[in-house]
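Have a look at entry-v8.txt below; it lists compact mmCIF, N, CA and C atoms.
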# COMPACT_ATOMS: atom_id res chain seq x y z
N MET C 6 -16.80 8.40 -2.35
CA MET C 6 -15.77 9.27 -1.79
C MET C 6 -14.64 8.39 -1.25
N PRO C 7 -13.39 8.70 -1.60
CA PRO C 7 -12.28 7.89 -1.12
C PRO C 7 -12.06 8.08 0.38
N ASP C 8 -11.63 7.01 1.03
CA ASP C 8 -11.35 7.07 2.46
C ASP C 8 -9.91 7.52 2.66
N TYR C 9 -9.68 8.37 3.61
CA TYR C 9 -8.34 8.90 3.86
C TYR C 9 -7.59 7.99 4.82
N SER C 10 -6.32 7.79 4.56
CA SER C 10 -5.48 6.97 5.43
C SER C 10 -4.12 7.64 5.55
N ARG C 11 -3.57 7.57 6.76
CA ARG C 11 -2.23 8.12 6.97
C ARG C 11 -1.17 7.31 6.26
N ARG C 12 -1.48 6.06 5.92
CA ARG C 12 -0.48 5.17 5.33
C ARG C 12 -0.56 5.12 3.81
N SER C 13 -1.61 5.69 3.23
CA SER C 13 -1.71 5.67 1.78
C SER C 13 -1.45 7.08 1.25
N GLY C 14 -1.46 7.18 -0.03
CA GLY C 14 -1.20 8.47 -0.64
C GLY C 14 0.28 8.65 -0.92
N PRO C 15 0.67 9.87 -1.23
CA PRO C 15 2.07 10.11 -1.62
C PRO C 15 3.02 10.00 -0.43
N ARG C 16 4.25 9.64 -0.74
CA ARG C 16 5.27 9.58 0.33
C ARG C 16 5.64 10.98 0.81
N ASP C 17 5.63 11.92 -0.13
CA ASP C 17 5.93 13.31 0.23
C ASP C 17 4.68 13.91 0.84
N ARG C 18 4.64 13.98 2.15
CA ARG C 18 3.45 14.44 2.85
C ARG C 18 3.32 15.96 2.82
N GLU C 19 4.22 16.64 2.13
CA GLU C 19 4.12 18.09 1.99
C GLU C 19 3.40 18.49 0.71
N LEU C 20 2.91 17.51 -0.05
CA LEU C 20 2.13 17.81 -1.25
C LEU C 20 0.77 18.36 -0.85
N ARG C 21 0.19 19.13 -1.72
CA ARG C 21 -1.10 19.76 -1.44
C ARG C 21 -2.24 18.74 -1.57
N VAL C 22 -3.28 18.95 -0.76
CA VAL C 22 -4.44 18.07 -0.76
C VAL C 22 -5.60 18.74 -1.50
N GLY C 23 -6.57 17.92 -1.86
CA GLY C 23 -7.76 18.42 -2.51
C GLY C 23 -8.97 18.36 -1.59
N ASP C 24 -10.10 18.75 -2.13
CA ASP C 24 -11.33 18.75 -1.34
C ASP C 24 -11.74 17.35 -0.90
N ALA C 25 -11.49 16.34 -1.74
CA ALA C 25 -11.88 14.97 -1.38
C ALA C 25 -11.15 14.50 -0.13
N GLU C 26 -9.84 14.81 -0.04
CA GLU C 26 -9.07 14.42 1.15
C GLU C 26 -9.56 15.17 2.39
N ARG C 27 -9.86 16.47 2.23
CA ARG C 27 -10.35 17.25 3.37
C ARG C 27 -11.69 16.69 3.88
N GLU C 28 -12.57 16.35 2.95
CA GLU C 28 -13.86 15.79 3.34
C GLU C 28 -13.71 14.43 4.00
N ALA C 29 -12.78 13.61 3.50
CA ALA C 29 -12.56 12.29 4.09
C ALA C 29 -12.06 12.42 5.52
N VAL C 30 -11.18 13.37 5.79
CA VAL C 30 -10.71 13.59 7.16
C VAL C 30 -11.84 14.12 8.02
N GLY C 31 -12.70 14.96 7.47
CA GLY C 31 -13.88 15.42 8.21
C GLY C 31 -14.76 14.25 8.60
N ASP C 32 -14.92 13.29 7.71
CA ASP C 32 -15.71 12.09 8.03
C ASP C 32 -15.07 11.29 9.16
N ILE C 33 -13.74 11.17 9.12
CA ILE C 33 -13.03 10.46 10.19
C ILE C 33 -13.24 11.17 11.52
N LEU C 34 -13.14 12.50 11.51
CA LEU C 34 -13.33 13.26 12.75
C LEU C 34 -14.74 13.09 13.30
N ARG C 35 -15.74 13.11 12.41
CA ARG C 35 -17.11 12.92 12.88
C ARG C 35 -17.31 11.50 13.44
N ARG C 36 -16.69 10.52 12.81
CA ARG C 36 -16.79 9.14 13.29
C ARG C 36 -16.14 9.01 14.68
N GLU C 37 -14.98 9.64 14.87
CA GLU C 37 -14.30 9.58 16.16
C GLU C 37 -15.08 10.36 17.23
N HIS C 38 -15.74 11.43 16.83
CA HIS C 38 -16.59 12.17 17.76
C HIS C 38 -17.76 11.29 18.20
N PHE C 39 -18.35 10.59 17.25
CA PHE C 39 -19.45 9.68 17.57
C PHE C 39 -18.98 8.56 18.49
N ALA C 40 -17.73 8.13 18.35
CA ALA C 40 -17.18 7.08 19.21
C ALA C 40 -16.80 7.61 20.59
N GLY C 41 -16.85 8.93 20.78
CA GLY C 41 -16.58 9.52 22.08
C GLY C 41 -15.12 9.85 22.33
N ARG C 42 -14.32 9.89 21.30
CA ARG C 42 -12.89 10.19 21.49
C ARG C 42 -12.59 11.69 21.56
N ILE C 43 -13.46 12.49 20.96
CA ILE C 43 -13.28 13.94 21.05
C ILE C 43 -14.62 14.58 21.38
N ASN C 44 -14.57 15.75 22.03
CA ASN C 44 -15.81 16.43 22.41
C ASN C 44 -16.23 17.39 21.30
N ASN C 45 -17.33 18.09 21.52
CA ASN C 45 -17.91 18.96 20.49
C ASN C 45 -16.96 20.10 20.10
N GLU C 46 -16.35 20.73 21.10
CA GLU C 46 -15.46 21.85 20.81
C GLU C 46 -14.25 21.41 19.98
N GLU C 47 -13.68 20.27 20.38
CA GLU C 47 -12.52 19.77 19.64
C GLU C 47 -12.90 19.34 18.23
N LEU C 48 -14.09 18.78 18.09
CA LEU C 48 -14.57 18.41 16.75
C LEU C 48 -14.68 19.65 15.87
N ASP C 49 -15.30 20.71 16.39
CA ASP C 49 -15.45 21.93 15.61
C ASP C 49 -14.10 22.51 15.22
N GLU C 50 -13.17 22.51 16.17
CA GLU C 50 -11.84 23.08 15.89
C GLU C 50 -11.09 22.24 14.85
N ARG C 51 -11.15 20.92 14.97
CA ARG C 51 -10.42 20.05 14.02
C ARG C 51 -11.06 20.07 12.63
N VAL C 52 -12.38 20.10 12.57
CA VAL C 52 -13.04 20.17 11.26
C VAL C 52 -12.68 21.48 10.57
N ALA C 53 -12.67 22.58 11.32
CA ALA C 53 -12.28 23.86 10.72
C ALA C 53 -10.84 23.80 10.21
N ARG C 54 -9.95 23.18 10.98
CA ARG C 54 -8.55 23.05 10.52
C ARG C 54 -8.45 22.13 9.32
N SER C 55 -9.30 21.08 9.26
CA SER C 55 -9.23 20.18 8.11
C SER C 55 -9.69 20.87 6.83
N LEU C 56 -10.67 21.77 6.96
CA LEU C 56 -11.16 22.48 5.78
C LEU C 56 -10.16 23.51 5.26
N THR C 57 -9.23 23.93 6.11
CA THR C 57 -8.22 24.90 5.68
C THR C 57 -6.85 24.25 5.48
N ALA C 58 -6.76 22.93 5.64
CA ALA C 58 -5.47 22.24 5.49
C ALA C 58 -4.97 22.36 4.06
N LYS C 59 -3.67 22.50 3.94
CA LYS C 59 -3.07 22.64 2.61
C LYS C 59 -2.30 21.39 2.18
N THR C 60 -1.71 20.65 3.15
CA THR C 60 -0.88 19.51 2.80
C THR C 60 -1.38 18.25 3.50
N TYR C 61 -0.87 17.11 3.02
CA TYR C 61 -1.19 15.84 3.66
C TYR C 61 -0.72 15.83 5.11
N ASN C 62 0.41 16.46 5.37
CA ASN C 62 0.94 16.51 6.73
C ASN C 62 -0.03 17.25 7.66
N ASP C 63 -0.66 18.31 7.16
CA ASP C 63 -1.64 19.04 7.96
C ASP C 63 -2.81 18.13 8.35
N LEU C 64 -3.27 17.33 7.39
CA LEU C 64 -4.38 16.42 7.67
C LEU C 64 -3.94 15.30 8.60
N ASP C 65 -2.71 14.80 8.41
CA ASP C 65 -2.20 13.74 9.28
C ASP C 65 -2.17 14.18 10.74
N GLN C 66 -1.81 15.45 10.97
CA GLN C 66 -1.74 15.97 12.33
C GLN C 66 -3.10 15.93 13.02
N LEU C 67 -4.17 16.07 12.24
CA LEU C 67 -5.51 16.12 12.83
C LEU C 67 -6.01 14.76 13.29
N ILE C 68 -5.51 13.69 12.69
CA ILE C 68 -6.01 12.36 13.04
C ILE C 68 -4.92 11.45 13.61
N ARG C 69 -3.77 12.00 13.90
CA ARG C 69 -2.64 11.21 14.37
C ARG C 69 -2.90 10.53 15.71
N ASP C 70 -3.68 11.16 16.59
CA ASP C 70 -3.89 10.59 17.93
C ASP C 70 -5.06 9.60 17.99
N PHE C 71 -5.64 9.25 16.86
CA PHE C 71 -6.69 8.24 16.82
C PHE C 71 -6.08 6.89 16.49
N PRO C 72 -6.70 5.80 16.97
CA PRO C 72 -6.19 4.48 16.60
C PRO C 72 -6.37 4.24 15.10
N ALA C 73 -5.40 3.58 14.52
CA ALA C 73 -5.45 3.31 13.09
C ALA C 73 -6.51 2.26 12.83
N LYS C 74 -7.33 2.50 11.83
CA LYS C 74 -8.41 1.57 11.51
C LYS C 74 -7.87 0.37 10.73
N GLU C 75 -6.94 0.61 9.84
CA GLU C 75 -6.41 -0.45 8.99
C GLU C 75 -5.09 -0.97 9.54
N PRO C 76 -4.78 -2.25 9.33
CA PRO C 76 -3.49 -2.78 9.77
C PRO C 76 -2.37 -2.22 8.91
N ASP C 77 -1.20 -2.13 9.52
CA ASP C 77 -0.03 -1.63 8.80
C ASP C 77 0.46 -2.70 7.84
N PRO C 78 0.42 -2.46 6.52
CA PRO C 78 0.84 -3.49 5.57
C PRO C 78 2.35 -3.69 5.56
N ARG C 79 3.07 -2.80 6.21
CA ARG C 79 4.53 -2.89 6.20
C ARG C 79 5.02 -3.57 7.47
N PRO C 80 5.59 -4.77 7.40
CA PRO C 80 6.09 -5.43 8.61
C PRO C 80 7.26 -4.64 9.19
N GLY C 81 7.17 -4.34 10.44
CA GLY C 81 8.25 -3.60 11.09
C GLY C 81 8.34 -2.16 10.63
N GLY C 82 7.31 -1.67 9.94
CA GLY C 82 7.30 -0.29 9.49
C GLY C 82 8.02 -0.06 8.18
N THR C 83 8.57 -1.08 7.57
CA THR C 83 9.23 -0.90 6.28
C THR C 83 8.50 -1.71 5.23
N GLY C 84 8.27 -1.11 4.10
CA GLY C 84 7.57 -1.79 3.01
C GLY C 84 8.52 -2.62 2.17
N GLN C 85 7.98 -3.65 1.53
CA GLN C 85 8.79 -4.45 0.64
C GLN C 85 8.97 -3.67 -0.66
N ALA C 86 10.11 -3.88 -1.30
CA ALA C 86 10.38 -3.19 -2.55
C ALA C 86 9.48 -3.72 -3.66
N TRP C 87 9.15 -5.01 -3.63
CA TRP C 87 8.27 -5.62 -4.61
C TRP C 87 7.63 -6.85 -3.99
N PRO C 88 6.49 -7.26 -4.52
CA PRO C 88 5.86 -8.48 -3.99
C PRO C 88 6.73 -9.70 -4.26
N ARG C 89 6.68 -10.66 -3.35
CA ARG C 89 7.51 -11.85 -3.48
C ARG C 89 7.27 -12.61 -4.78
N GLY C 90 6.06 -12.61 -5.27
CA GLY C 90 5.72 -13.35 -6.47
C GLY C 90 6.35 -12.80 -7.73
N ASP C 91 6.86 -11.59 -7.69
CA ASP C 91 7.46 -10.98 -8.87
C ASP C 91 8.95 -11.26 -9.01
N LEU C 92 9.54 -11.93 -8.05
CA LEU C 92 10.97 -12.20 -8.11
C LEU C 92 11.40 -12.94 -9.37
N PRO C 93 10.68 -14.00 -9.81
CA PRO C 93 11.11 -14.67 -11.04
C PRO C 93 11.15 -13.72 -12.24
N TYR C 94 10.21 -12.81 -12.31
CA TYR C 94 10.18 -11.88 -13.44
C TYR C 94 11.32 -10.87 -13.37
N LEU C 95 11.75 -10.54 -12.18
CA LEU C 95 12.88 -9.63 -12.04
C LEU C 95 14.20 -10.31 -12.38
N LEU C 96 14.26 -11.62 -12.19
CA LEU C 96 15.48 -12.36 -12.51
C LEU C 96 15.57 -12.74 -13.98
N LEU C 97 14.46 -12.67 -14.71
CA LEU C 97 14.44 -13.10 -16.10
C LEU C 97 15.48 -12.38 -16.98
N PRO C 98 15.66 -11.07 -16.90
CA PRO C 98 16.70 -10.44 -17.73
C PRO C 98 18.10 -10.97 -17.44
N LEU C 99 18.39 -11.27 -16.16
CA LEU C 99 19.70 -11.83 -15.83
C LEU C 99 19.87 -13.22 -16.43
N ILE C 100 18.80 -14.02 -16.40
CA ILE C 100 18.87 -15.37 -16.97
C ILE C 100 19.07 -15.30 -18.48
N ILE C 101 18.35 -14.41 -19.13
CA ILE C 101 18.51 -14.27 -20.59
C ILE C 101 19.91 -13.79 -20.92
N ALA C 102 20.45 -12.86 -20.15
CA ALA C 102 21.82 -12.39 -20.40
C ALA C 102 22.82 -13.53 -20.23
N ALA C 103 22.63 -14.39 -19.23
CA ALA C 103 23.54 -15.52 -19.02
C ALA C 103 23.46 -16.49 -20.20
N ILE C 104 22.26 -16.71 -20.72
CA ILE C 104 22.11 -17.62 -21.86
C ILE C 104 22.79 -17.04 -23.08
N VAL C 105 22.61 -15.75 -23.33
CA VAL C 105 23.22 -15.12 -24.50
C VAL C 105 24.74 -15.13 -24.37
N LEU C 106 25.26 -14.79 -23.20
CA LEU C 106 26.71 -14.74 -23.02
C LEU C 106 27.36 -16.13 -23.07
N SER C 107 26.58 -17.17 -22.77
CA SER C 107 27.14 -18.53 -22.83
C SER C 107 26.87 -19.19 -24.18
N HIS C 108 26.37 -18.40 -25.13
CA HIS C 108 26.07 -18.89 -26.48
C HIS C 108 25.09 -20.04 -26.46
N GLY C 109 24.10 -19.98 -25.58
CA GLY C 109 23.04 -20.97 -25.53
C GLY C 109 23.31 -22.17 -24.63
N ARG C 110 24.48 -22.24 -24.06
CA ARG C 110 24.80 -23.42 -23.22
C ARG C 110 24.13 -23.35 -21.85
N ALA C 111 23.65 -22.21 -21.45
CA ALA C 111 23.04 -22.06 -20.12
C ALA C 111 21.52 -22.04 -20.21
N VAL C 112 20.95 -22.69 -21.22
CA VAL C 112 19.50 -22.72 -21.36
C VAL C 112 18.86 -23.38 -20.15
N TRP C 113 19.57 -24.27 -19.49
CA TRP C 113 19.04 -24.95 -18.32
C TRP C 113 18.63 -23.96 -17.22
N LEU C 114 19.17 -22.73 -17.25
CA LEU C 114 18.79 -21.73 -16.25
C LEU C 114 17.32 -21.33 -16.37
N LEU C 115 16.73 -21.56 -17.53
CA LEU C 115 15.33 -21.23 -17.71
C LEU C 115 14.40 -22.22 -17.03
N MET C 116 14.87 -23.40 -16.70
CA MET C 116 14.00 -24.43 -16.14
C MET C 116 13.32 -24.00 -14.83
N PRO C 117 14.03 -23.46 -13.85
CA PRO C 117 13.32 -23.02 -12.63
C PRO C 117 12.33 -21.90 -12.94
N PHE C 118 12.70 -21.01 -13.85
CA PHE C 118 11.79 -19.93 -14.20
C PHE C 118 10.52 -20.48 -14.83
N ILE C 119 10.66 -21.40 -15.77
CA ILE C 119 9.50 -21.99 -16.44
C ILE C 119 8.64 -22.73 -15.42
N TRP C 120 9.26 -23.43 -14.49
CA TRP C 120 8.51 -24.15 -13.47
C TRP C 120 7.71 -23.18 -12.59
N LEU C 121 8.35 -22.09 -12.16
CA LEU C 121 7.67 -21.13 -11.31
C LEU C 121 6.51 -20.46 -12.04
N VAL C 122 6.74 -20.08 -13.28
CA VAL C 122 5.69 -19.40 -14.04
C VAL C 122 4.56 -20.37 -14.36
N ALA C 123 4.90 -21.58 -14.78
CA ALA C 123 3.86 -22.56 -15.11
C ALA C 123 3.03 -22.90 -13.88
N ARG C 124 3.68 -23.02 -12.73
CA ARG C 124 2.95 -23.31 -11.50
C ARG C 124 2.02 -22.16 -11.13
N ARG C 125 2.50 -20.96 -11.34
CA ARG C 125 1.70 -19.79 -11.00
C ARG C 125 0.49 -19.65 -11.93
N LEU C 126 0.66 -20.02 -13.18
CA LEU C 126 -0.41 -19.88 -14.15
C LEU C 126 -1.36 -21.07 -14.16
N SER C 127 -0.96 -22.15 -13.55
CA SER C 127 -1.80 -23.35 -13.57
C SER C 127 -3.02 -23.17 -12.68
N TRP C 128 -3.99 -24.05 -12.88
CA TRP C 128 -5.21 -24.00 -12.08
C TRP C 128 -4.91 -24.26 -10.61
N ARG C 129 -4.04 -25.24 -10.36
CA ARG C 129 -3.68 -25.56 -8.97
C ARG C 129 -3.00 -24.38 -8.28
N GLY C 130 -2.13 -23.71 -9.02
CA GLY C 130 -1.45 -22.55 -8.44
C GLY C 130 -2.42 -21.46 -8.06
N ARG C 131 -3.43 -21.25 -8.88
CA ARG C 131 -4.43 -20.22 -8.56
C ARG C 131 -5.25 -20.63 -7.33
N VAL C 132 -5.55 -21.91 -7.21
CA VAL C 132 -6.29 -22.38 -6.04
C VAL C 132 -5.47 -22.18 -4.79
N ARG C 133 -4.16 -22.51 -4.85
CA ARG C 133 -3.31 -22.33 -3.69
C ARG C 133 -3.21 -20.86 -3.29
N GLN C 134 -3.10 -19.97 -4.28
CA GLN C 134 -3.03 -18.54 -3.97
C GLN C 134 -4.33 -18.06 -3.34
N THR C 135 -5.45 -18.57 -3.82
CA THR C 135 -6.73 -18.19 -3.25
C THR C 135 -6.86 -18.67 -1.82
N ILE C 136 -6.41 -19.89 -1.55
CA ILE C 136 -6.49 -20.43 -0.20
C ILE C 136 -5.59 -19.65 0.74
N ARG C 137 -4.37 -19.30 0.28
CA ARG C 137 -3.45 -18.53 1.13
C ARG C 137 -4.01 -17.14 1.42
N ALA C 138 -4.72 -16.56 0.45
CA ALA C 138 -5.26 -15.22 0.65
C ALA C 138 -6.34 -15.19 1.72
N ARG C 139 -7.00 -16.31 1.94
CA ARG C 139 -8.04 -16.35 2.96
C ARG C 139 -7.41 -16.43 4.30

Now, as a test, write the supplied structure out as structure tokens.
Amino acid sequence: MPDYSRRSGPRDRELRVGDAEREAVGDILRREHFAGRINNEELDERVARSLTAKTYNDLDQLIRDFPAKEPDPRPGGTGQAWPRGDLPYLLLPLIIAAIVLSHGRAVWLLMPFIWLVARRLSWRGRVRQTIRAR
């Protein structure tokens, strides 16, 4: 069963939810009840509301006052448009256009791109990425 999170899922929180999301929020409510954050009456009331919730926003309202279990992946509350490692691939069309427009004289622009890609694909690059991930 998927775990429900206020930070995952669709950006449009007015979309309709399914049974899996309702059950996941019920599990969160039971866990918070076990931790002593809500009493029996509030648990019953919130579980009933979760079973009748129609949108993600309805479910978010039920668990909004609990501490977030997962860290916010967005620094300062804003997400990055793309991962940093993908920047060379996003610049590749511009580099190719510059080479074509210069009739091949700007081939040297490919050198940083080749270096970045080769480093990323090399064994050492993978080891460094693994070490940074830890």

| task | Please provide the set of residues having any atom within 5 Å of Thr60 in chain C, restricted to all atoms listed in the file, with same-chain residues fewer than 2 positions apart removed, written as a list of chain:residue names. | result |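 My list of contacting residues is C:Glu19, C:Leu20, C:Arg21, C:Val22, C:Ala58, C:Asn62, C:Asp63, C:Leu64.
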
| request: For range 9-14 of chain C, please output as a PyMOL selection string all residues within 6.5 Å (counting only N, CA and C atoms; exclusion window: fewer than 5 positions along the same chain). | output: chain C and resi 26+29-30+65

Go ahead and write the selection's residues with N, CA and C atoms as a tab-separated table (two decimals), keeping the file's coordinate frame.
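Saved as part-v6.tsv:
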chain	number	residue	atom	x	y	z
C	26	GLU	N	-9.84	14.81	-0.04
C	26	GLU	CA	-9.07	14.42	1.15
C	26	GLU	C	-9.56	15.17	2.39
C	29	ALA	N	-12.78	13.61	3.50
C	29	ALA	CA	-12.56	12.29	4.09
C	29	ALA	C	-12.06	12.42	5.52
C	30	VAL	N	-11.18	13.37	5.79
C	30	VAL	CA	-10.71	13.59	7.16
C	30	VAL	C	-11.84	14.12	8.02
C	65	ASP	N	-2.71	14.80	8.41
C	65	ASP	CA	-2.20	13.74	9.28
C	65	ASP	C	-2.17	14.18	10.74

| Residues within 12 Å of (-13.5, 23.7, 4.1), file coords, only C-alpha atoms, listed as number ranges by chain | C: 22-31, 49-59

| task | Work out how far atom N of Tyr61 in chain C is from atom C of His38 in chain C, in Å to one decimal. | result |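 Here the two named atoms are 23.4 Å from each other.
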
| task | For CA of Met116 in chain C and CA of Ile101 in chain C, quote the distance in Å rounded to one decimal. | result | 12.0 Å

Padding 6 Å on each side, edges along x, y and z: where is the centre of the box around the listed atoms of range 39-48 of chain C, and how long are its edges in Å to one decimal? Output it as AutoDock Vina command-line options.
--center_x -16.0 --center_y 14.5 --center_z 19.1 --size_x 18.9 --size_y 26.8 --size_z 18.5

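In this structure, CA of Phe71 in chain C sits 21.5 Å away from CA of Asp17 in chain C.
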